[in-house]
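Everything below belongs to coords38.txt, which stores compact mmCIF, C-alpha atoms.
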# COMPACT_ATOMS: atom_id res chain seq x y z
CA MET A 109 13.18 -10.99 -9.40
CA LYS A 110 11.03 -8.31 -7.79
CA THR A 111 12.20 -6.63 -4.60
CA ILE A 112 9.68 -5.66 -1.93
CA ILE A 113 10.49 -3.31 0.93
CA ILE A 114 8.85 -4.05 4.27
CA CYS A 115 8.72 -1.09 6.66
CA THR A 116 9.10 -2.23 10.23
CA ASP A 117 9.38 -0.66 13.66
CA PHE A 118 8.99 -4.11 15.26
CA SER A 119 5.50 -3.29 16.50
CA GLN A 120 2.76 -5.95 16.45
CA GLU A 121 1.24 -4.65 13.21
CA ALA A 122 4.66 -4.38 11.57
CA GLU A 123 5.57 -7.93 12.58
CA ASN A 124 2.27 -9.20 11.16
CA ALA A 125 2.88 -7.33 7.89
CA THR A 126 6.41 -8.77 7.73
CA HIS A 127 5.17 -12.35 7.93
CA TYR A 128 2.35 -11.63 5.46
CA ALA A 129 4.82 -10.17 2.95
CA ALA A 130 7.36 -12.95 3.51
CA SER A 131 4.71 -15.59 2.77
CA MET A 132 3.80 -13.69 -0.38
CA ALA A 133 7.48 -13.40 -1.33
CA LYS A 134 8.01 -17.14 -0.93
CA GLU A 135 5.10 -17.88 -3.27
CA ASN A 136 6.36 -15.50 -5.97
CA LYS A 137 10.13 -15.70 -5.40
CA TYR A 138 10.43 -12.04 -4.43
CA LYS A 139 13.41 -10.62 -2.58
CA VAL A 140 12.61 -8.90 0.73
CA ILE A 141 14.32 -5.85 2.21
CA LEU A 142 13.47 -4.86 5.79
CA PHE A 143 13.47 -1.08 6.21
CA ASN A 144 13.79 0.46 9.66
CA LEU A 145 14.00 4.14 10.58
CA GLN A 146 15.84 4.37 13.86
CA SER A 147 14.80 7.01 16.36
CA ILE A 148 16.41 8.33 19.52
CA SER A 149 14.18 8.99 22.52
CA ILE A 150 13.31 12.59 23.32
CA HIS A 151 14.83 12.08 26.78
CA ALA A 152 18.20 11.20 25.26
CA LEU A 153 18.04 14.23 23.00
CA ASN A 154 17.16 16.52 25.88
CA ALA A 155 20.05 15.08 27.88
CA GLN A 156 22.41 15.94 25.00
CA VAL A 157 24.03 12.52 25.07
CA SER A 158 27.42 11.96 23.50
CA ALA A 159 28.24 10.93 19.94
CA ASP A 160 29.41 7.60 21.33
CA PHE A 161 25.89 6.93 22.61
CA PHE A 162 24.37 7.53 19.17
CA TYR A 163 27.02 5.29 17.60
CA GLU A 164 26.29 2.47 20.06
CA GLN A 165 22.55 2.80 19.47
CA THR A 166 23.10 2.61 15.73
CA LEU A 167 25.14 -0.57 16.13
CA LYS A 168 22.39 -2.12 18.27
CA ASN A 169 19.69 -1.16 15.76
CA GLN A 170 21.83 -2.44 12.89
CA LYS A 171 22.18 -5.82 14.59
CA LYS A 172 18.48 -5.96 15.41
CA ILE A 173 17.32 -5.37 11.83
CA SER A 174 20.07 -7.64 10.45
CA ASP A 175 19.07 -10.48 12.79
CA LYS A 176 15.41 -10.07 11.84
CA ALA A 177 16.23 -10.20 8.12
CA THR A 178 18.28 -13.36 8.65
CA GLU A 179 15.47 -14.93 10.68
CA ILE A 180 12.84 -14.17 8.02
CA GLY A 181 15.10 -15.45 5.26
CA ARG A 182 15.70 -18.73 7.06
CA LEU A 183 12.07 -19.18 8.12
CA TYR A 184 10.59 -18.62 4.64
CA THR A 185 13.56 -19.69 2.49
CA ILE A 186 13.69 -16.37 0.65
CA LYS A 187 16.38 -13.82 -0.17
CA THR A 188 16.44 -10.99 2.35
CA GLY A 189 18.37 -7.84 3.13
CA HIS A 190 18.02 -4.85 5.43
CA TYR A 191 18.25 -1.06 5.31
CA LEU A 192 18.71 1.05 8.44
CA ALA A 193 18.13 4.79 8.19
CA SER A 194 17.66 7.86 10.35
CA GLY A 195 16.03 11.16 9.53
CA ASN A 196 12.84 11.97 7.62
CA PHE A 197 10.78 8.85 6.93
CA ILE A 198 9.58 9.72 3.41
CA GLU A 199 13.02 10.91 2.27
CA GLU A 200 14.79 7.87 3.68
CA LEU A 201 12.22 5.45 2.26
CA ASN A 202 12.71 7.02 -1.16
CA ASN A 203 16.47 6.63 -0.74
CA CYS A 204 15.95 2.96 0.12
CA ILE A 205 13.75 2.44 -2.95
CA GLN A 206 16.48 3.88 -5.15
CA ALA A 207 19.29 1.95 -3.45
CA VAL A 208 17.68 -1.50 -3.62
CA LYS A 209 15.53 -0.87 -6.72
CA GLY A 210 12.35 -1.67 -4.80
CA ASP A 211 9.22 -2.57 -6.74
CA PHE A 212 6.62 -2.01 -4.03
CA ILE A 213 6.31 -1.27 -0.33
CA VAL A 214 4.60 -3.23 2.45
CA MET A 215 3.38 -1.52 5.62
CA GLY A 216 1.30 -2.64 8.59
CA MET A 217 -1.73 -0.69 9.77
CA GLY A 218 -2.83 -0.72 13.39
CA GLU A 219 -6.03 0.58 14.96
CA LYS A 220 -6.86 4.22 14.36
CA THR A 221 -6.09 6.40 17.38
CA LEU A 222 -7.11 9.92 18.37
CA GLU A 223 -3.56 11.12 17.65
CA GLN A 224 -3.74 9.67 14.14
CA ARG A 225 -7.09 11.37 13.54
CA LEU A 226 -5.51 14.70 14.41
CA LEU A 227 -2.07 14.33 12.83
CA GLY A 228 -2.40 11.56 10.28
CA ASN A 229 0.17 8.76 10.33
CA THR A 230 3.11 7.39 8.41
CA VAL A 231 1.01 5.07 6.24
CA VAL A 232 -1.27 7.86 5.04
CA LYS A 233 1.69 10.15 4.31
CA ALA A 234 3.37 7.39 2.31
CA ILE A 235 0.22 6.76 0.27
CA HIS A 236 0.28 10.30 -1.07
CA ARG A 237 4.04 10.88 -1.34
CA ILE A 238 5.71 7.63 -2.37
CA LYS A 239 5.67 6.91 -6.12
CA LYS A 240 5.59 3.14 -5.74
CA PRO A 241 2.66 0.80 -4.98
CA ILE A 242 2.09 0.38 -1.24
CA LEU A 243 0.51 -2.76 0.18
CA ILE A 244 -1.13 -2.01 3.55
CA ILE A 245 -1.80 -4.98 5.82
CA PRO A 246 -4.37 -4.78 8.66
CA SER A 247 -2.95 -6.10 11.92
CA HIS A 248 -5.31 -9.11 12.10
CA ILE A 249 -4.75 -10.49 8.57
CA GLU A 250 -2.67 -13.58 7.74
CA TYR A 251 -1.58 -14.47 4.21
CA THR A 252 -3.73 -17.14 2.59
CA GLY A 253 -3.09 -16.23 -1.05
CA ILE A 254 -4.45 -13.57 -3.39
CA ARG A 255 -7.04 -15.02 -5.75
CA LYS A 256 -9.68 -12.28 -5.96
CA ILE A 257 -8.88 -8.57 -6.32
CA LEU A 258 -11.42 -5.76 -6.10
CA PHE A 259 -10.27 -2.64 -7.95
CA ALA A 260 -12.33 0.29 -6.69
CA TYR A 261 -12.25 2.63 -9.66
CA ASP A 262 -13.29 6.25 -9.30
CA THR A 263 -13.08 8.47 -12.40
CA HIS A 264 -10.91 9.07 -15.46
CA ARG A 265 -8.68 11.40 -13.47
CA ASN A 266 -7.58 8.35 -11.42
CA MET A 267 -6.36 6.36 -14.44
CA THR A 268 -2.89 6.56 -16.00
CA TRP A 269 -0.77 4.17 -18.02
CA THR A 270 1.75 3.63 -15.22
CA ALA A 271 -1.02 2.96 -12.70
CA MET A 272 -2.61 0.32 -14.93
CA ASP A 273 0.77 -1.31 -15.58
CA ASP A 274 1.23 -1.71 -11.81
CA ILE A 275 -2.21 -3.27 -11.44
CA TYR A 276 -1.80 -5.69 -14.35
CA SER A 277 1.62 -6.75 -13.08
CA PHE A 278 0.17 -7.60 -9.67
CA ILE A 279 -2.73 -9.55 -11.18
CA LYS A 280 -0.42 -11.66 -13.33
CA ASP A 281 2.00 -12.41 -10.48
CA PHE A 282 -0.80 -14.03 -8.51
CA ASN A 283 -2.92 -15.28 -11.42
CA ALA A 284 -5.78 -13.49 -9.69
CA GLU A 285 -9.29 -12.63 -10.82
CA ILE A 286 -10.14 -8.93 -10.73
CA GLU A 287 -13.43 -7.06 -10.49
CA VAL A 288 -13.31 -3.43 -11.61
CA PHE A 289 -15.84 -1.72 -9.36
CA ASN A 290 -17.15 1.80 -9.92
CA VAL A 291 -19.41 3.79 -7.61
CA SER A 292 -21.05 6.79 -9.25
CA GLU A 293 -23.36 9.45 -7.89
CA ARG A 294 -24.94 10.09 -11.31
CA LEU A 295 -26.27 7.60 -13.84
CA GLU A 296 -24.93 9.90 -16.55
CA ASP A 297 -21.37 8.92 -15.52
CA PHE A 298 -21.93 5.28 -16.46
CA THR A 299 -21.44 5.64 -20.21
CA GLU A 300 -18.15 7.47 -19.74
CA VAL A 301 -16.81 4.75 -17.46
CA ILE A 302 -17.92 1.85 -19.67
CA HIS A 303 -16.08 3.34 -22.66
CA ASP A 304 -12.90 4.01 -20.69
CA THR A 305 -10.22 2.58 -23.00
CA ASP A 306 -7.49 3.13 -20.39
CA LEU A 307 -8.72 -0.02 -18.64
CA ASN A 308 -7.40 -2.30 -21.39
CA SER A 309 -5.32 -0.34 -23.90
CA GLY A 310 -1.91 -1.94 -24.33
CA HIS A 311 -2.87 -5.06 -22.38
CA ASN A 312 -4.11 -8.45 -23.50
CA LEU A 313 -7.33 -9.03 -21.57
CA ASP A 314 -7.52 -12.60 -22.91
CA ASP A 315 -4.89 -13.50 -20.31
CA LEU A 316 -6.94 -12.11 -17.42
CA LYS A 317 -10.05 -13.14 -15.52
CA TYR A 318 -11.96 -9.93 -15.00
CA SER A 319 -15.43 -8.47 -14.54
CA PHE A 320 -16.81 -4.95 -14.47
CA LYS A 321 -19.50 -3.67 -12.10
CA ILE A 322 -21.05 -0.23 -11.70
CA ILE A 323 -23.52 0.91 -9.04
CA GLN A 324 -25.12 4.22 -8.20
CA SER A 325 -24.60 5.48 -4.65
CA ILE A 326 -23.64 8.62 -2.78
CA GLU A 327 -22.02 6.53 -0.02
CA VAL A 328 -18.84 5.47 -1.81
CA ILE A 329 -16.95 4.09 1.20
CA LYS A 330 -19.92 2.03 2.38
CA ALA A 331 -20.45 0.65 -1.14
CA ILE A 332 -16.81 -0.43 -1.40
CA GLU A 333 -16.92 -2.11 2.02
CA GLU A 334 -20.05 -4.03 1.06
CA GLU A 335 -18.56 -5.12 -2.29
CA VAL A 336 -15.44 -6.44 -0.53
CA LYS A 337 -17.72 -8.66 1.57
CA ILE A 338 -19.94 -9.74 -1.33
CA THR A 339 -17.01 -10.76 -3.53
CA ASN A 340 -14.97 -12.21 -0.66
CA SER A 341 -11.97 -10.33 -2.06
CA ASP A 342 -8.45 -11.04 -0.82
CA LEU A 343 -7.21 -7.59 -1.81
CA LEU A 344 -8.66 -4.13 -2.40
CA THR A 345 -6.87 -1.90 -4.91
CA MET A 346 -7.33 1.87 -5.13
CA ILE A 347 -5.59 4.82 -6.77
CA PRO A 348 -5.46 7.88 -4.49
CA TYR A 349 -6.31 11.16 -6.17
CA LYS A 350 -4.29 14.18 -5.11
CA TYR A 351 -6.62 17.08 -4.40
CA ASN A 352 -5.47 20.66 -4.82
CA PHE A 353 -5.64 22.99 -1.81
CA VAL A 354 -9.21 24.18 -2.41
CA GLU A 355 -10.48 20.63 -3.10
CA SER A 356 -8.76 19.33 0.04
CA LEU A 357 -10.91 21.67 2.16
CA PHE A 358 -14.01 19.76 1.09
CA HIS A 359 -12.75 16.22 0.36
CA ARG A 360 -11.01 13.48 2.30
CA SER A 361 -8.94 10.85 0.54
CA LYS A 362 -11.07 7.72 0.07
CA THR A 363 -7.89 5.63 -0.13
CA ALA A 364 -6.70 6.94 3.24
CA ILE A 365 -10.11 6.27 4.78
CA MET A 366 -10.10 2.71 3.47
CA ALA A 367 -6.56 2.20 4.77
CA TYR A 368 -7.95 2.82 8.25
CA LYS A 369 -11.26 0.97 7.86
CA ASN A 370 -10.39 -1.86 5.50
CA LYS A 371 -10.83 -5.47 6.59
CA VAL A 372 -8.58 -6.86 3.85
CA PRO A 373 -5.14 -5.74 2.58
CA LEU A 374 -5.19 -2.55 0.52
CA LEU A 375 -2.92 -2.02 -2.49
CA SER A 376 -2.53 1.73 -3.09
CA ILE A 377 -1.30 2.48 -6.61
CA PRO A 378 0.39 5.88 -7.04
CA LEU A 379 -1.13 8.30 -9.51
CA ASN A 380 2.14 8.86 -11.41
CA LEU A 381 1.99 11.12 -14.44
CA ASP A 382 2.54 9.27 -17.73
Go ahead and express the file in the form of structure tokens.
Amino acid sequence: MKTIIICTDFSQEAENATHYAASMAKENKYKVILFNLQSISIHALNAQVSADFFYEQTLKNQKKISDKATEIGRLYTIKTGHYLASGNFIEELNNCIQAVKGDFIVMGMGEKTLEQRLLGNTVVKAIHRIKKPILIIPSHIEYTGIRKILFAYDTHRNMTWTAMDDIYSFIKDFNAEIEVFNVSERLEDFTEVIHDTDLNSGHNLDDLKYSFKIIQSIEVIKAIEEEVKITNSDLLTMIPYKYNFVESLFHRSKTAIMAYKNKVPLLSIPLNLD
């Protein structure tokens, strides 16, 4: 049984993502763990409140996340648990993954704000720092099944054995059809992509319904958005590439951009080294 970790702060987008993931878990008999990072208000910290106050707050937060897990388990008839943490979000989420042996993460994505443009947000940080697949759910999306997956494939540097294993596992769980979609700026890149053996080595493609499409365009994000609409995909899958410092001065992560702009759920597959 796979275990999925749903990050929640009880906001509207987190609640929507929780119900999306719970519906998905019911269909595939996944176990769900609700992860919450408790925070103390800046006013309480400035007031230097007592240790008893922090203890009472922790008890309240523990009950809140426990009650929510029980509610979701009863509503969807699935196995649930909860994990309450405090401290650094990425570190604590990694601790949770290790403790519950989580297979992938679910997070909600709200509207992009000015603050997020300047500072980034938790979802974007997780995409680039968590070594597990992350399923990002837009706040307006309800679960209706995953039957068509669009895999937006960039270049050979974005393909590894572990990444492909994650993608194939997800396809098989949902018996979904996948289109591997490549946007290239140069026609000369096409031959290299077509002969990319990493797409099928070690996997039996006879068990999968797949297609392969390549187009030439300098507007990668726009091309992906249009292909999502054309194919009526239920899920977009991407593998974020980690730029070095010099590259980061000139490039923005396409996966992060699509996490903000996407109209369907986005499955971000970590670029783990094989």
Fill in: For CA of Val372 in chain A and CA of Ile180 in chain A, the interatomic separation in Å (one decimal)
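A separation of 23.0 Å between them.
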Item to complete: Please indicate the distance in Å from CA of Ser319 in chain A to CA of Phe282 in chain A, rounded to one decimal place.
Response: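 Value for the CA of Ser319 in chain A-CA of Phe282 in chain A distance: 16.8 Å.
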Worksheet item: Nearest to Thr111 in chain A: which of A:His127, A:Lys171, A:Lys176, A:Lys209 is it, counting all atoms listed in the file?
Response: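 The answer is A:Lys209, which sits nearest to Thr111 in chain A.
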Extending 4 Å beyond the listed atoms of range 159-178 of chain A on each side, what axis-aligned box results? I want centre and edge lengths in Å to one decimal, as lines of an AutoDock Vina configuration file.
center_x = 22.4
center_y = -1.2
center_z = 15.4
size_x = 22.0
size_y = 32.3
size_z = 22.5
Worksheet item: range 195-207 of chain A: which residues within 9 Å, counting all atoms listed in the file, same-chain residues fewer than 5 positions away excluded, as a list in words?
Response: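 The residues that qualify are Ile113, Cys115, Phe143, Leu145, Gln146, Ser147, Phe212, Ile213, Thr230, Lys233, Ala234, Arg237, Ile238, Lys239 and Lys240 of chain A.
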Discussion item. I'd like to know which of A:Gln324, A:Asn169, A:Thr116, A:Ser341 is closest to Val214 in chain A, using only C-alpha atoms.
Written reply: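 When distances to Val214 in chain A are compared using only C-alpha atoms, the smallest one comes from A:Thr116.
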Item to complete: Just give me the gap between CA of Glu123 in chain A and CA of Val336 in chain A in Å, one decimal is fine.
Response: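 Separation of CA of Glu123 in chain A and CA of Val336 in chain A: 24.8 Å.
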Worksheet item: So which one's closest to Thr185 in chain A, A:Val208, A:Met366, A:Leu142, A:Met132? Using all atoms listed in the file, please.
Response: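 Checking each candidate against Thr185 in chain A, we get A:Met132 as the closest.
Here the question is which of A:Ala122, A:Leu316, A:Pro246, A:Ala177 gets nearest to Ser277 in chain A using all atoms listed in the file, and that residue is A:Leu316.
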Item to complete: Rank nothing, just name the residue among A:Ser292, A:Ala129, A:Met346, A:Leu167 nearest to Tyr184 in chain A, using only C-alpha atoms.
Response: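 Checking each candidate against Tyr184 in chain A, we get A:Ala129 as the closest.
When all atoms listed in the file are used to measure the gap to Pro348 in chain A, the shortest distance among A:Ser194, A:Ser131, A:Ser376, A:Thr178 belongs to A:Ser376.
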Practice prompt. Find the residues with any atom within 12 Å of (-17.1, 1.3, -8.2); use all atoms listed in the file and the coordinates as given in the file, and write the answer as number ranges by chain.
Written response: A: 258-263, 287-293, 297-298, 301-302, 319-336, 344-346
For Ile275 in chain A, please output as a PDB file with C-alpha atoms, in the frame of the given file all residues within 10 Å (counting only C-alpha atoms; exclusion window: fewer than 2 positions along the same chain).
ATOM      1  CA  PRO A 241       2.660   0.800  -4.980  1.00  0.00           C
ATOM      2  CA  ILE A 257      -8.880  -8.570  -6.320  1.00  0.00           C
ATOM      3  CA  PHE A 259     -10.270  -2.640  -7.950  1.00  0.00           C
ATOM      4  CA  THR A 270       1.750   3.630 -15.220  1.00  0.00           C
ATOM      5  CA  ALA A 271      -1.020   2.960 -12.700  1.00  0.00           C
ATOM      6  CA  MET A 272      -2.610   0.320 -14.930  1.00  0.00           C
ATOM      7  CA  ASP A 273       0.770  -1.310 -15.580  1.00  0.00           C
ATOM      8  CA  SER A 277       1.620  -6.750 -13.080  1.00  0.00           C
ATOM      9  CA  PHE A 278       0.170  -7.600  -9.670  1.00  0.00           C
ATOM     10  CA  ILE A 279      -2.730  -9.550 -11.180  1.00  0.00           C
ATOM     11  CA  LYS A 280      -0.420 -11.660 -13.330  1.00  0.00           C
ATOM     12  CA  ILE A 286     -10.140  -8.930 -10.730  1.00  0.00           C
ATOM     13  CA  THR A 345      -6.870  -1.900  -4.910  1.00  0.00           C
ATOM     14  CA  MET A 346      -7.330   1.870  -5.130  1.00  0.00           C
ATOM     15  CA  ILE A 347      -5.590   4.820  -6.770  1.00  0.00           C
ATOM     16  CA  LEU A 375      -2.920  -2.020  -2.490  1.00  0.00           C
ATOM     17  CA  SER A 376      -2.530   1.730  -3.090  1.00  0.00           C
ATOM     18  CA  ILE A 377      -1.300   2.480  -6.610  1.00  0.00           C
TER      19      ILE A 377
END
